[in-house]
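Asker: If it helps, the file is called entry18.pdb and holds PDB, C-alpha atoms and all ligand atoms:
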```
ATOM      1  CA  MET A   1     200.111 185.655  35.910
ATOM      2  CA  THR A   2     200.335 187.980  38.922
ATOM      3  CA  ARG A   3     203.744 186.558  39.787
ATOM      4  CA  HIS A   4     205.157 187.468  36.382
ATOM      5  CA  LEU A   5     203.421 190.828  36.452
ATOM      6  CA  GLN A   6     205.025 191.834  39.727
ATOM      7  CA  LEU A   7     208.544 190.616  38.949
ATOM      8  CA  THR A   8     211.096 191.720  36.365
ATOM      9  CA  GLU A   9     212.635 189.129  34.037
ATOM     10  CA  SER A  10     215.533 188.783  36.463
ATOM     11  CA  GLY A  11     213.117 188.079  39.347
ATOM     12  CA  LYS A  12     213.299 191.490  41.044
ATOM     13  CA  LEU A  13     210.267 193.175  42.571
ATOM     14  CA  LYS A  14     208.678 195.568  40.071
ATOM     15  CA  HIS A  15     205.146 195.865  41.471
ATOM     16  CA  PHE A  16     204.018 194.643  44.904
ATOM     17  CA  LEU A  17     200.469 193.361  44.441
ATOM     18  CA  THR A  18     200.270 190.127  46.421
ATOM     19  CA  ILE A  19     202.431 187.754  48.470
ATOM     20  CA  GLU A  20     201.188 184.892  46.281
ATOM     21  CA  GLY A  21     203.959 183.429  44.125
ATOM     22  CA  LEU A  22     206.785 185.338  45.833
ATOM     23  CA  SER A  23     209.707 183.263  47.073
ATOM     24  CA  LYS A  24     211.120 182.970  50.583
ATOM     25  CA  PRO A  25     214.396 184.672  49.496
ATOM     26  CA  LEU A  26     212.461 187.637  48.081
ATOM     27  CA  LEU A  27     210.324 188.042  51.229
ATOM     28  CA  THR A  28     213.507 187.763  53.316
ATOM     29  CA  GLU A  29     215.154 190.438  51.138
ATOM     30  CA  ILE A  30     212.232 192.781  51.929
ATOM     31  CA  LEU A  31     212.663 192.116  55.675
ATOM     32  CA  ASP A  32     216.448 192.567  55.524
ATOM     33  CA  THR A  33     216.134 195.792  53.520
ATOM     34  CA  ALA A  34     213.578 197.098  56.022
ATOM     35  CA  GLU A  35     216.023 196.303  58.829
ATOM     36  CA  SER A  36     218.490 198.744  57.321
ATOM     37  CA  PHE A  37     215.848 201.517  57.481
ATOM     38  CA  VAL A  38     214.649 200.923  61.052
ATOM     39  CA  ASP A  39     217.493 202.731  62.812
ATOM     40  CA  MET A  40     217.054 205.738  60.537
ATOM     41  CA  SER A  41     213.919 206.826  62.401
ATOM     42  CA  GLU A  42     216.144 207.478  65.442
ATOM     43  CA  HIS A  43     218.428 209.814  63.453
ATOM     44  CA  GLN A  44     218.082 213.595  63.579
ATOM     45  CA  VAL A  45     217.877 213.699  59.776
ATOM     46  CA  LYS A  46     215.445 210.914  58.857
ATOM     47  CA  LYS A  47     216.147 210.972  55.115
ATOM     48  CA  VAL A  48     218.129 209.117  52.465
ATOM     49  CA  PRO A  49     218.302 210.255  48.828
ATOM     50  CA  LEU A  50     217.357 206.860  47.312
ATOM     51  CA  LEU A  51     214.225 208.111  45.509
ATOM     52  CA  ARG A  52     215.258 211.738  44.940
ATOM     53  CA  GLY A  53     213.597 213.054  41.789
ATOM     54  CA  LYS A  54     210.906 210.339  41.804
ATOM     55  CA  THR A  55     207.211 211.148  41.976
ATOM     56  CA  ILE A  56     204.860 208.913  43.932
ATOM     57  CA  ILE A  57     201.082 209.292  44.006
ATOM     58  CA  ASN A  58     199.045 207.873  46.895
ATOM     59  CA  LEU A  59     195.715 206.850  45.383
ATOM     60  CA  PHE A  60     193.433 205.917  48.267
ATOM     61  CA  PHE A  61     189.885 205.186  47.114
ATOM     62  CA  GLU A  62     189.101 203.780  50.575
ATOM     63  CA  ASN A  63     189.703 205.244  54.058
ATOM     64  CA  SER A  64     192.982 204.666  55.830
ATOM     65  CA  THR A  65     194.949 206.047  58.768
ATOM     66  CA  ARG A  66     198.013 203.833  59.190
ATOM     67  CA  THR A  67     198.722 202.682  55.633
ATOM     68  CA  ARG A  68     198.371 206.065  53.913
ATOM     69  CA  THR A  69     200.405 208.021  56.450
ATOM     70  CA  THR A  70     203.196 205.451  56.729
ATOM     71  CA  PHE A  71     203.445 205.205  52.919
ATOM     72  CA  GLU A  72     203.682 209.014  52.812
ATOM     73  CA  LEU A  73     206.331 209.109  55.543
ATOM     74  CA  ALA A  74     208.248 206.267  53.888
ATOM     75  CA  ALA A  75     208.290 208.057  50.518
ATOM     76  CA  THR A  76     209.319 211.343  52.162
ATOM     77  CA  ARG A  77     212.156 209.620  54.034
ATOM     78  CA  LEU A  78     213.362 208.203  50.710
ATOM     79  CA  SER A  79     213.360 211.826  49.377
ATOM     80  CA  ALA A  80     210.643 211.214  46.766
ATOM     81  CA  ASP A  81     208.037 213.838  45.861
ATOM     82  CA  VAL A  82     204.696 212.566  47.165
ATOM     83  CA  LEU A  83     201.220 213.588  46.165
ATOM     84  CA  ASN A  84     198.157 212.446  48.116
ATOM     85  CA  MET A  85     195.139 212.369  45.818
ATOM     86  CA  ASN A  86     191.980 213.306  47.629
ATOM     87  CA  ILE A  87     189.567 210.982  45.862
ATOM     88  CA  ALA A  88     186.510 212.610  47.459
ATOM     89  CA  THR A  89     187.354 215.927  45.759
ATOM     90  CA  SER A  90     188.823 214.443  42.539
ATOM     91  CA  ALA A  91     187.080 214.129  39.161
ATOM     92  CA  THR A  92     186.236 210.510  40.099
ATOM     93  CA  SER A  93     183.216 212.025  41.858
ATOM     94  CA  LYS A  94     182.152 213.490  38.463
ATOM     95  CA  GLY A  95     182.085 210.054  36.862
ATOM     96  CA  GLU A  96     185.665 209.740  35.544
ATOM     97  CA  SER A  97     186.652 206.077  35.224
ATOM     98  CA  LEU A  98     189.563 204.581  37.159
ATOM     99  CA  LEU A  99     191.444 204.047  33.888
ATOM    100  CA  ASP A 100     190.974 207.665  32.774
ATOM    101  CA  THR A 101     192.154 208.907  36.181
ATOM    102  CA  ILE A 102     195.269 206.737  35.847
ATOM    103  CA  ARG A 103     195.950 207.874  32.258
ATOM    104  CA  ASN A 104     195.782 211.529  33.350
ATOM    105  CA  LEU A 105     198.082 211.002  36.323
ATOM    106  CA  GLU A 106     200.496 209.057  34.114
ATOM    107  CA  ALA A 107     200.710 212.107  31.867
ATOM    108  CA  MET A 108     202.282 213.945  34.842
ATOM    109  CA  GLN A 109     205.416 211.723  34.657
ATOM    110  CA  VAL A 110     204.648 209.657  37.718
ATOM    111  CA  ASP A 111     207.027 206.857  38.792
ATOM    112  CA  MET A 112     204.863 204.963  41.288
ATOM    113  CA  PHE A 113     201.241 204.542  42.325
ATOM    114  CA  VAL A 114     200.320 203.361  45.823
ATOM    115  CA  VAL A 115     196.748 202.107  45.519
ATOM    116  CA  ARG A 116     194.015 201.267  48.010
ATOM    117  CA  HIS A 117     190.651 200.301  46.571
ATOM    118  CA  ALA A 118     187.493 198.588  47.811
ATOM    119  CA  LEU A 119     187.496 196.271  44.766
ATOM    120  CA  SER A 120     189.642 193.126  44.783
ATOM    121  CA  GLY A 121     192.014 193.254  41.818
ATOM    122  CA  ALA A 122     192.101 197.053  41.449
ATOM    123  CA  ALA A 123     195.870 197.383  41.986
ATOM    124  CA  HIS A 124     196.486 194.435  39.653
ATOM    125  CA  PHE A 125     194.316 196.104  36.980
ATOM    126  CA  ILE A 126     196.245 199.371  37.289
ATOM    127  CA  ALA A 127     199.591 197.536  37.083
ATOM    128  CA  GLN A 128     198.442 195.912  33.830
ATOM    129  CA  GLN A 129     197.394 199.234  32.352
ATOM    130  CA  THR A 130     200.223 201.576  33.340
ATOM    131  CA  ALA A 131     203.381 202.396  31.366
ATOM    132  CA  PRO A 132     206.247 199.912  31.933
ATOM    133  CA  HIS A 133     208.422 202.339  33.950
ATOM    134  CA  ILE A 134     205.685 202.831  36.614
ATOM    135  CA  SER A 135     205.571 200.621  39.729
ATOM    136  CA  VAL A 136     202.282 199.867  41.478
ATOM    137  CA  ILE A 137     202.123 199.003  45.173
ATOM    138  CA  ASN A 138     198.936 197.454  46.541
ATOM    139  CA  ALA A 139     197.903 199.180  49.783
ATOM    140  CA  GLY A 140     194.859 196.905  50.197
ATOM    141  CA  ASP A 141     192.338 195.751  47.577
ATOM    142  CA  GLY A 142     188.906 194.581  48.707
ATOM    143  CA  GLN A 143     189.034 191.217  50.450
ATOM    144  CA  HIS A 144     191.996 190.097  48.335
ATOM    145  CA  ALA A 145     195.390 191.274  49.590
ATOM    146  CA  HIS A 146     197.284 193.731  51.785
ATOM    147  CA  PRO A 147     200.871 192.644  51.152
ATOM    148  CA  THR A 148     202.760 195.486  52.870
ATOM    149  CA  GLN A 149     200.655 194.956  56.019
ATOM    150  CA  ALA A 150     201.606 191.258  55.955
ATOM    151  CA  MET A 151     205.285 192.116  55.539
ATOM    152  CA  LEU A 152     205.322 194.618  58.400
ATOM    153  CA  ASP A 153     203.652 191.934  60.509
ATOM    154  CA  MET A 154     206.355 189.409  59.475
ATOM    155  CA  PHE A 155     208.989 192.011  60.311
ATOM    156  CA  THR A 156     207.506 192.494  63.791
ATOM    157  CA  ILE A 157     207.331 188.736  64.388
ATOM    158  CA  ARG A 158     210.977 188.307  63.322
ATOM    159  CA  GLN A 159     212.011 191.211  65.568
ATOM    160  CA  HIS A 160     210.571 189.411  68.597
ATOM    161  CA  LYS A 161     210.956 185.738  67.755
ATOM    162  CA  LYS A 162     214.167 185.853  65.631
ATOM    163  CA  GLN A 163     213.092 183.003  63.300
ATOM    164  CA  PHE A 164     209.898 181.667  61.745
ATOM    165  CA  GLU A 165     210.566 177.930  61.881
ATOM    166  CA  GLY A 166     208.827 176.233  64.817
ATOM    167  CA  LEU A 167     206.468 179.126  65.632
ATOM    168  CA  LYS A 168     202.800 178.620  66.437
ATOM    169  CA  VAL A 169     200.672 181.504  65.156
ATOM    170  CA  ALA A 170     196.948 182.082  65.730
ATOM    171  CA  ILE A 171     194.926 184.503  63.594
ATOM    172  CA  VAL A 172     191.617 185.291  65.275
ATOM    173  CA  GLY A 173     188.422 186.876  64.022
ATOM    174  CA  ASP A 174     186.865 187.850  60.722
ATOM    175  CA  ILE A 175     189.031 185.762  58.378
ATOM    176  CA  LEU A 176     186.282 185.648  55.735
ATOM    177  CA  HIS A 177     186.431 189.346  54.891
ATOM    178  CA  SER A 178     190.107 189.935  55.695
ATOM    179  CA  ARG A 179     192.656 190.775  53.000
ATOM    180  CA  VAL A 180     195.198 191.039  55.832
ATOM    181  CA  ALA A 181     194.649 187.429  56.963
ATOM    182  CA  ARG A 182     195.010 186.106  53.397
ATOM    183  CA  SER A 183     198.322 187.920  52.937
ATOM    184  CA  GLN A 184     199.582 186.944  56.399
ATOM    185  CA  ILE A 185     198.823 183.247  55.832
ATOM    186  CA  LEU A 186     200.696 183.274  52.508
ATOM    187  CA  ALA A 187     203.675 185.076  54.064
ATOM    188  CA  LEU A 188     203.800 182.835  57.150
ATOM    189  CA  ASN A 189     203.639 179.664  55.042
ATOM    190  CA  THR A 190     206.323 180.935  52.650
ATOM    191  CA  LEU A 191     208.641 181.956  55.495
ATOM    192  CA  GLY A 192     208.415 178.518  57.129
ATOM    193  CA  VAL A 193     205.658 178.669  59.775
ATOM    194  CA  THR A 194     203.906 175.300  59.622
ATOM    195  CA  ASP A 195     201.501 175.780  62.569
ATOM    196  CA  VAL A 196     199.094 178.547  61.538
ATOM    197  CA  ARG A 197     195.666 178.385  63.202
ATOM    198  CA  VAL A 198     192.656 180.458  62.313
ATOM    199  CA  ILE A 199     190.100 180.856  65.110
ATOM    200  CA  ALA A 200     186.633 182.190  64.297
ATOM    201  CA  PRO A 201     182.934 181.353  64.265
ATOM    202  CA  LYS A 202     182.025 179.198  61.233
ATOM    203  CA  THR A 203     180.236 182.179  59.662
ATOM    204  CA  LEU A 204     183.494 184.155  59.535
ATOM    205  CA  LEU A 205     185.695 181.493  57.926
ATOM    206  CA  PRO A 206     185.924 180.885  54.137
ATOM    207  CA  ALA A 207     184.552 177.441  53.188
ATOM    208  CA  ASP A 208     187.927 176.379  51.729
ATOM    209  CA  VAL A 209     190.063 177.859  54.512
ATOM    210  CA  THR A 210     192.034 174.671  55.244
ATOM    211  CA  SER A 211     193.252 174.610  51.635
ATOM    212  CA  MET A 212     195.166 177.790  52.559
ATOM    213  CA  GLY A 213     197.528 175.776  54.782
ATOM    214  CA  VAL A 214     195.943 176.507  58.158
ATOM    215  CA  THR A 215     194.063 174.631  60.882
ATOM    216  CA  ALA A 216     190.542 175.963  61.518
ATOM    217  CA  LEU A 217     189.303 176.122  65.122
ATOM    218  CA  HIS A 218     186.219 177.557  66.780
ATOM    219  CA  ASP A 219     187.325 177.581  70.410
ATOM    220  CA  MET A 220     189.706 180.262  71.696
ATOM    221  CA  ASN A 221     191.099 178.319  74.647
ATOM    222  CA  GLU A 222     191.984 175.382  72.402
ATOM    223  CA  GLY A 223     193.268 177.579  69.559
ATOM    224  CA  LEU A 224     195.467 179.785  71.735
ATOM    225  CA  ASN A 225     197.069 176.833  73.510
ATOM    226  CA  ASP A 226     200.867 177.305  73.524
ATOM    227  CA  VAL A 227     200.957 179.887  70.700
ATOM    228  CA  ASP A 228     203.891 182.286  70.214
ATOM    229  CA  VAL A 229     201.939 184.908  68.303
ATOM    230  CA  VAL A 230     198.269 185.985  68.357
ATOM    231  CA  ILE A 231     197.001 188.209  65.567
ATOM    232  CA  MET A 232     193.578 189.721  66.268
ATOM    233  CA  LEU A 233     191.374 191.001  63.447
ATOM    234  CA  ARG A 234     188.594 193.570  63.370
ATOM    235  CA  LEU A 235     185.060 192.611  62.346
ATOM    236  CA  GLN A 236     184.898 194.058  58.804
ATOM    237  CA  LYS A 237     181.326 195.317  59.087
ATOM    238  CA  GLU A 238     181.658 197.357  55.898
ATOM    239  CA  ARG A 239     182.043 194.079  53.950
ATOM    240  CA  MET A 240     179.206 192.198  55.694
ATOM    241  CA  ASN A 241     176.023 192.098  53.643
ATOM    242  CA  SER A 242     174.020 190.072  56.183
ATOM    243  CA  ALA A 243     174.044 189.156  59.883
ATOM    244  CA  PHE A 244     177.137 187.063  60.637
ATOM    245  CA  LEU A 245     176.940 187.311  64.441
ATOM    246  CA  PRO A 246     174.291 187.304  67.169
ATOM    247  CA  SER A 247     175.763 190.425  68.888
ATOM    248  CA  GLU A 248     179.088 192.148  69.545
ATOM    249  CA  SER A 249     178.960 191.318  73.256
ATOM    250  CA  GLU A 250     178.413 187.625  72.461
ATOM    251  CA  TYR A 251     181.266 187.806  69.951
ATOM    252  CA  PHE A 252     183.586 189.322  72.576
ATOM    253  CA  ARG A 253     182.593 186.661  75.100
ATOM    254  CA  CYS A 254     183.498 183.828  72.691
ATOM    255  CA  PHE A 255     186.239 185.296  70.456
ATOM    256  CA  GLY A 256     187.427 188.542  72.071
ATOM    257  CA  LEU A 257     190.972 188.423  73.437
ATOM    258  CA  SER A 258     190.852 188.870  77.215
ATOM    259  CA  GLU A 259     193.652 188.463  79.730
ATOM    260  CA  ALA A 260     192.095 185.175  80.872
ATOM    261  CA  LYS A 261     192.102 183.695  77.342
ATOM    262  CA  LEU A 262     195.643 184.943  76.696
ATOM    263  CA  LYS A 263     196.896 182.808  79.612
ATOM    264  CA  HIS A 264     196.528 179.753  77.326
ATOM    265  CA  ALA A 265     199.323 181.090  75.103
ATOM    266  CA  LYS A 266     203.074 180.926  75.811
ATOM    267  CA  SER A 267     204.280 183.263  78.557
ATOM    268  CA  ASP A 268     206.262 185.340  76.002
ATOM    269  CA  VAL A 269     203.417 185.513  73.460
ATOM    270  CA  ILE A 270     203.147 188.680  71.376
ATOM    271  CA  VAL A 271     199.730 190.184  70.607
ATOM    272  CA  MET A 272     199.302 191.831  67.216
ATOM    273  CA  HIS A 273     196.530 193.684  65.412
ATOM    274  CA  PRO A 274     196.730 195.462  62.036
ATOM    275  CA  GLY A 275     194.317 198.153  63.267
ATOM    276  CA  PRO A 276     192.000 199.877  63.506
ATOM    277  CA  ILE A 277     191.208 198.143  66.824
ATOM    278  CA  ASN A 278     187.707 197.973  68.273
ATOM    279  CA  ARG A 279     188.204 197.789  72.028
ATOM    280  CA  GLY A 280     185.746 195.515  73.791
ATOM    281  CA  VAL A 281     184.702 193.883  70.496
ATOM    282  CA  GLU A 282     187.684 191.759  69.390
ATOM    283  CA  ILE A 283     190.200 192.782  72.074
ATOM    284  CA  ALA A 284     190.057 193.951  75.693
ATOM    285  CA  SER A 285     191.692 197.315  76.366
ATOM    286  CA  SER A 286     193.909 195.762  79.016
ATOM    287  CA  VAL A 287     195.329 193.365  76.383
ATOM    288  CA  ALA A 288     195.635 195.979  73.627
ATOM    289  CA  ASP A 289     197.618 198.216  76.004
ATOM    290  CA  GLY A 290     199.247 195.373  77.945
ATOM    291  CA  SER A 291     202.819 194.116  78.136
ATOM    292  CA  HIS A 292     202.357 191.475  75.385
ATOM    293  CA  SER A 293     201.002 193.970  72.864
ATOM    294  CA  VAL A 294     203.238 195.017  69.937
ATOM    295  CA  ILE A 295     200.426 196.794  68.084
ATOM    296  CA  LEU A 296     202.096 200.206  67.968
ATOM    297  CA  GLN A 297     205.452 198.653  67.039
ATOM    298  CA  GLN A 298     203.682 197.222  63.997
ATOM    299  CA  VAL A 299     202.756 200.765  62.973
ATOM    300  CA  SER A 300     206.342 202.030  63.402
ATOM    301  CA  ASN A 301     207.704 199.074  61.445
ATOM    302  CA  GLY A 302     205.292 199.904  58.632
ATOM    303  CA  ILE A 303     207.457 202.878  57.675
ATOM    304  CA  ALA A 304     210.652 200.822  57.300
ATOM    305  CA  VAL A 305     208.911 197.985  55.456
ATOM    306  CA  ARG A 306     207.226 200.398  53.039
ATOM    307  CA  MET A 307     210.562 202.147  52.461
ATOM    308  CA  ALA A 308     212.026 198.737  51.623
ATOM    309  CA  VAL A 309     209.279 197.814  49.152
ATOM    310  CA  MET A 310     209.321 201.203  47.424
ATOM    311  CA  SER A 311     213.101 201.362  47.099
ATOM    312  CA  MET A 312     213.316 197.760  45.835
ATOM    313  CA  ALA A 313     210.616 198.394  43.219
ATOM    314  CA  MET A 314     212.320 201.567  41.974
ATOM    315  CA  GLN A 315     215.712 199.862  41.947
ATOM    316  CA  SER A 316     214.390 197.064  39.753
ATOM    317  CA  GLN A 317     213.251 199.744  37.292
ATOM    318  CA  GLY A 318     216.825 201.104  37.287
ATOM    319  CA  GLY A 319     215.550 204.207  39.037
ATOM    320  CA  ALA A 320     216.727 204.288  42.648
ATOM    321  CA  ALA A 321     219.834 206.396  43.288
TER     322      ALA A 321
HETATM  323  N1  LIG B 401     196.018 198.220  58.863
HETATM  324  C1  LIG B 401     195.455 199.101  58.036
HETATM  325  O1  LIG B 401     195.381 198.873  56.830
HETATM  326  O2  LIG B 401     194.984 200.248  58.623
HETATM  327  P1  LIG B 401     194.383 201.494  57.832
HETATM  328  O3  LIG B 401     193.065 201.066  57.249
HETATM  329  O4  LIG B 401     194.249 202.601  58.838
HETATM  330  O5  LIG B 401     195.340 201.863  56.740
END
```
Could you render the structure as structure tokens?
Answerer:
Amino acid sequence: MTRHLQLTESGKLKHFLTIEGLSKPLLTEILDTAESFVDMSEHQVKKVPLLRGKTIINLFFENSTRTRTTFELAATRLSADVLNMNIATSATSKGESLLDTIRNLEAMQVDMFVVRHALSGAAHFIAQQTAPHISVINAGDGQHAHPTQAMLDMFTIRQHKKQFEGLKVAIVGDILHSRVARSQILALNTLGVTDVRVIAPKTLLPADVTSMGVTALHDMNEGLNDVDVVIMLRLQKERMNSAFLPSESEYFRCFGLSEAKLKHAKSDVIVMHPGPINRGVEIASSVADGSHSVILQQVSNGIAVRMAVMSMAMQSQGGAA
């Protein structure tokens, strides 16, 4: 259902709602397209006219630093007109429904919505309701999906490791509440990574996690053994409705990434984190700022990957210049 919704009849990307159901060639096309935009950030004029005349609205119903700003920069670099809706001061606070907000924005001849929402399925719902010429990009919905984050992570891995086959990847932390982990696992599996480990206390792993194509482990030293990539995740306290952990210091002792634990990984391991990072909770400062860390490169790559997704979606609608 979602697969058909996000693709045109000829299999091109129309909406980007989830990694689920997307093929390896399509994910590779996103990475290759992003590659062509990476060098642009070094140019004096950081713009191409691909989306000139297009109007994009950033609809962020949930807080964001990295995703909102990199989507805005990406749209600006593609020469689109971008509007950032301030939800806190919009009529949503007067009781207007999501659908009515969308209908009103649609009436302003919008071409694309970039949507972040605390409810899983919100971007999918909007994609079902909008006019056919409008593309919807999911910028994170509840615990469900964060597909552009996963793709910028895949881009960063490919930049450093050149290929996906044969890699060992560990994802550590609050898998249960993480839309990022779900999207990363789908992307890694699709791109050919067969050794994906999730490392967390039992309380922070979904009951059916192994059905997602991963190995579940509860010991960092064992889980990090010989890995090429470590992806650390934040504790998503805003999604925890009960006590999942004894204390943050106990969590850091067992599951926080320290220099000592990192020694179990390969000597050229890369350390990733989608952000925001909580230093001393899931990652030591010396690791976050250390020589293995590519955390800020992930942020930079987010611009190119979001440019790729937006231009591909507009192109499939016959709209990109
Ligand atoms: N990684 C990520 O989604 O960060 P923000 O919440 O700051 O957008």
Asker: What do you get as JSON, numbers by chain if you pick all residues at most 7 Å from ligand LIG 401 (chain B), counting only C-alpha atoms and all ligand atoms?
Answerer: {"A": [63, 64, 65, 66, 67, 68, 140, 149, 274, 275, 276]}
Asker: For a quick check of understanding, using all atoms listed in the file, which of A:His117, A:Leu5, A:His133, A:Ala74 has the smallest distance to Gln317 of chain A?
Answerer: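 Smallest separation from Gln317 of chain A among the options: A:His133.
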Asker: Around (202.6, 180.8, 45.6) in the file's frame, which residues reach within 8 Å when counting all atoms listed in the file? Return as an MDAnalysis selection string?
Answerer: chainID A and resid 19:23 186 190
Asker: Of the candidates A:Val229, A:Lys47, A:Gly318, A:Arg52, which one gets nearest to His160 of chain A if we count only C-alpha atoms?
Answerer: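 Of all the options, A:Val229 lies closest to His160 of chain A.
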Asker: How big is the axis-aligned box around all listed atoms of segment 184-191 of chain A once 4 Å goes on each side, and where's its centre, in Å to one decimal, as AutoDock Vina command-line options?
Answerer:
```
--center_x 203.7 --center_y 183.3 --center_z 54.8 --size_x 17.8 --size_y 15.3 --size_z 12.6
```
Asker: How would you write, as an MDAnalysis selection string, the residues chosen by the PyMOL selection byres (((chain A and resi 164-175) around 6) and not hetatm) on this structure?
Answerer: chainID A and resid 163 176:178 192:193 195:200 204:205 227:233 235
Asker: With C-alpha atoms retained, could you export that selection as a CSV table (one decimal), in the coordinates of the input?
Answerer:
```
chain,number,residue,atom,x,y,z
A,163,GLN,CA,213.1,183.0,63.3
A,176,LEU,CA,186.3,185.6,55.7
A,177,HIS,CA,186.4,189.3,54.9
A,178,SER,CA,190.1,189.9,55.7
A,192,GLY,CA,208.4,178.5,57.1
A,193,VAL,CA,205.7,178.7,59.8
A,195,ASP,CA,201.5,175.8,62.6
A,196,VAL,CA,199.1,178.5,61.5
A,197,ARG,CA,195.7,178.4,63.2
A,198,VAL,CA,192.7,180.5,62.3
A,199,ILE,CA,190.1,180.9,65.1
A,200,ALA,CA,186.6,182.2,64.3
A,204,LEU,CA,183.5,184.2,59.5
A,205,LEU,CA,185.7,181.5,57.9
A,227,VAL,CA,201.0,179.9,70.7
A,228,ASP,CA,203.9,182.3,70.2
A,229,VAL,CA,201.9,184.9,68.3
A,230,VAL,CA,198.3,186.0,68.4
A,231,ILE,CA,197.0,188.2,65.6
A,232,MET,CA,193.6,189.7,66.3
A,233,LEU,CA,191.4,191.0,63.4
A,235,LEU,CA,185.1,192.6,62.3
```
Asker: Considering all atoms listed in the file, return as a list in words whatever protein or nucleic-acid residues lie within 10 Å of Gly302 of chain A, sequence-local ones (same chain, fewer than 2 positions apart) excluded.
Answerer: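 My list of contacting residues is Ala34, Val38, Arg66, Thr67, Thr69, Thr70, Phe71, Leu73, Ala74, Thr148, Gln149, Ala150, Met151, Leu152, Asp153, Phe155, Thr156, Leu296, Gln297, Gln298, Val299, Ser300, Ala304, Val305, Arg306, Met307 and Ala308 of chain A.
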Asker: So how many Å separate atom CA of Gly11 of chain A and atom CA of Val136 of chain A, to one decimal?
Answerer: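 Straight-line distance from atom CA of Gly11 of chain A to atom CA of Val136 of chain A works out to 16.2 Å.
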Asker: Mind telling me what the PyMOL selection byres (((chain A and resi 277-292) around 6) and not hetatm) catches here, as a ChimeraX atom specification?
Answerer: /A:248,252,256-258,270-271,275-276,293
Asker: If you apply the PyMOL selection byres (((chain A and resi 8) around 12) and not hetatm) to this file, what residues do you get, as a list in words?
Answerer: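 This file gives the following for the PyMOL selection byres (((chain A and resi 8) around 12) and not hetatm): Thr2, Arg3, His4, Leu5, Gln6, Leu7, Glu9, Ser10, Gly11, Lys12, Leu13, Lys14, His15, Phe16, Pro132, His133, Ser135, Met312, Ala313, Met314, Gln315, Ser316, Gln317 and Gly318 of chain A.
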Asker: To one decimal in Å, tell me the separation between atom CA of Ile157 of chain A and atom CA of Ile185 of chain A.
Answerer: 13.3 Å
Asker: Any idea what the distance is between atom CA of Leu188 of chain A and atom CA of Val114 of chain A?
Answerer: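 Going from atom CA of Leu188 of chain A over to atom CA of Val114 of chain A covers 23.7 Å.
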Asker: Please list as a PDB file with C-alpha atoms, keeping the file's coordinate frame every residue within 7 Å of segment 54-62 of chain A, counting only C-alpha atoms and excluding residues in the same chain fewer than 3 positions away.
Answerer:
```
ATOM      1  CA  LEU A  51     214.225 208.111  45.509  1.00  0.00           C
ATOM      2  CA  ALA A  80     210.643 211.214  46.766  1.00  0.00           C
ATOM      3  CA  ASP A  81     208.037 213.838  45.861  1.00  0.00           C
ATOM      4  CA  VAL A  82     204.696 212.566  47.165  1.00  0.00           C
ATOM      5  CA  LEU A  83     201.220 213.588  46.165  1.00  0.00           C
ATOM      6  CA  ASN A  84     198.157 212.446  48.116  1.00  0.00           C
ATOM      7  CA  MET A  85     195.139 212.369  45.818  1.00  0.00           C
ATOM      8  CA  ILE A  87     189.567 210.982  45.862  1.00  0.00           C
ATOM      9  CA  VAL A 110     204.648 209.657  37.718  1.00  0.00           C
ATOM     10  CA  ASP A 111     207.027 206.857  38.792  1.00  0.00           C
ATOM     11  CA  MET A 112     204.863 204.963  41.288  1.00  0.00           C
ATOM     12  CA  PHE A 113     201.241 204.542  42.325  1.00  0.00           C
ATOM     13  CA  VAL A 114     200.320 203.361  45.823  1.00  0.00           C
ATOM     14  CA  VAL A 115     196.748 202.107  45.519  1.00  0.00           C
ATOM     15  CA  ARG A 116     194.015 201.267  48.010  1.00  0.00           C
ATOM     16  CA  HIS A 117     190.651 200.301  46.571  1.00  0.00           C
ATOM     17  CA  ALA A 118     187.493 198.588  47.811  1.00  0.00           C
TER      18      ALA A 118
END
```
Asker: For segment 95-105 of chain A, please output as an mmCIF file with C-alpha atoms, in the coordinates of the input all residues within 8 Å (counting only C-alpha atoms; exclusion window: fewer than 3 positions along the same chain).
Answerer:
```cif
data_model
loop_
_atom_site.group_PDB
_atom_site.id
_atom_site.type_symbol
_atom_site.label_atom_id
_atom_site.label_comp_id
_atom_site.auth_asym_id
_atom_site.auth_seq_id
_atom_site.Cartn_x
_atom_site.Cartn_y
_atom_site.Cartn_z
ATOM 1 C CA ALA A 91 187.080 214.129 39.161
ATOM 2 C CA THR A 92 186.236 210.510 40.099
ATOM 3 C CA MET A 108 202.282 213.945 34.842
ATOM 4 C CA GLN A 109 205.416 211.723 34.657
ATOM 5 C CA VAL A 110 204.648 209.657 37.718
ATOM 6 C CA ILE A 126 196.245 199.371 37.289
ATOM 7 C CA GLN A 129 197.394 199.234 32.352
ATOM 8 C CA THR A 130 200.223 201.576 33.340
#
```
Asker: In terms of the shortest atom-to-atom distance over only C-alpha atoms, which of A:His264, A:Gly223, A:Ser211, A:Pro201 is closest to Phe244 of chain A?
Answerer: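 Checking each candidate against Phe244 of chain A, we get A:Pro201 as the closest.
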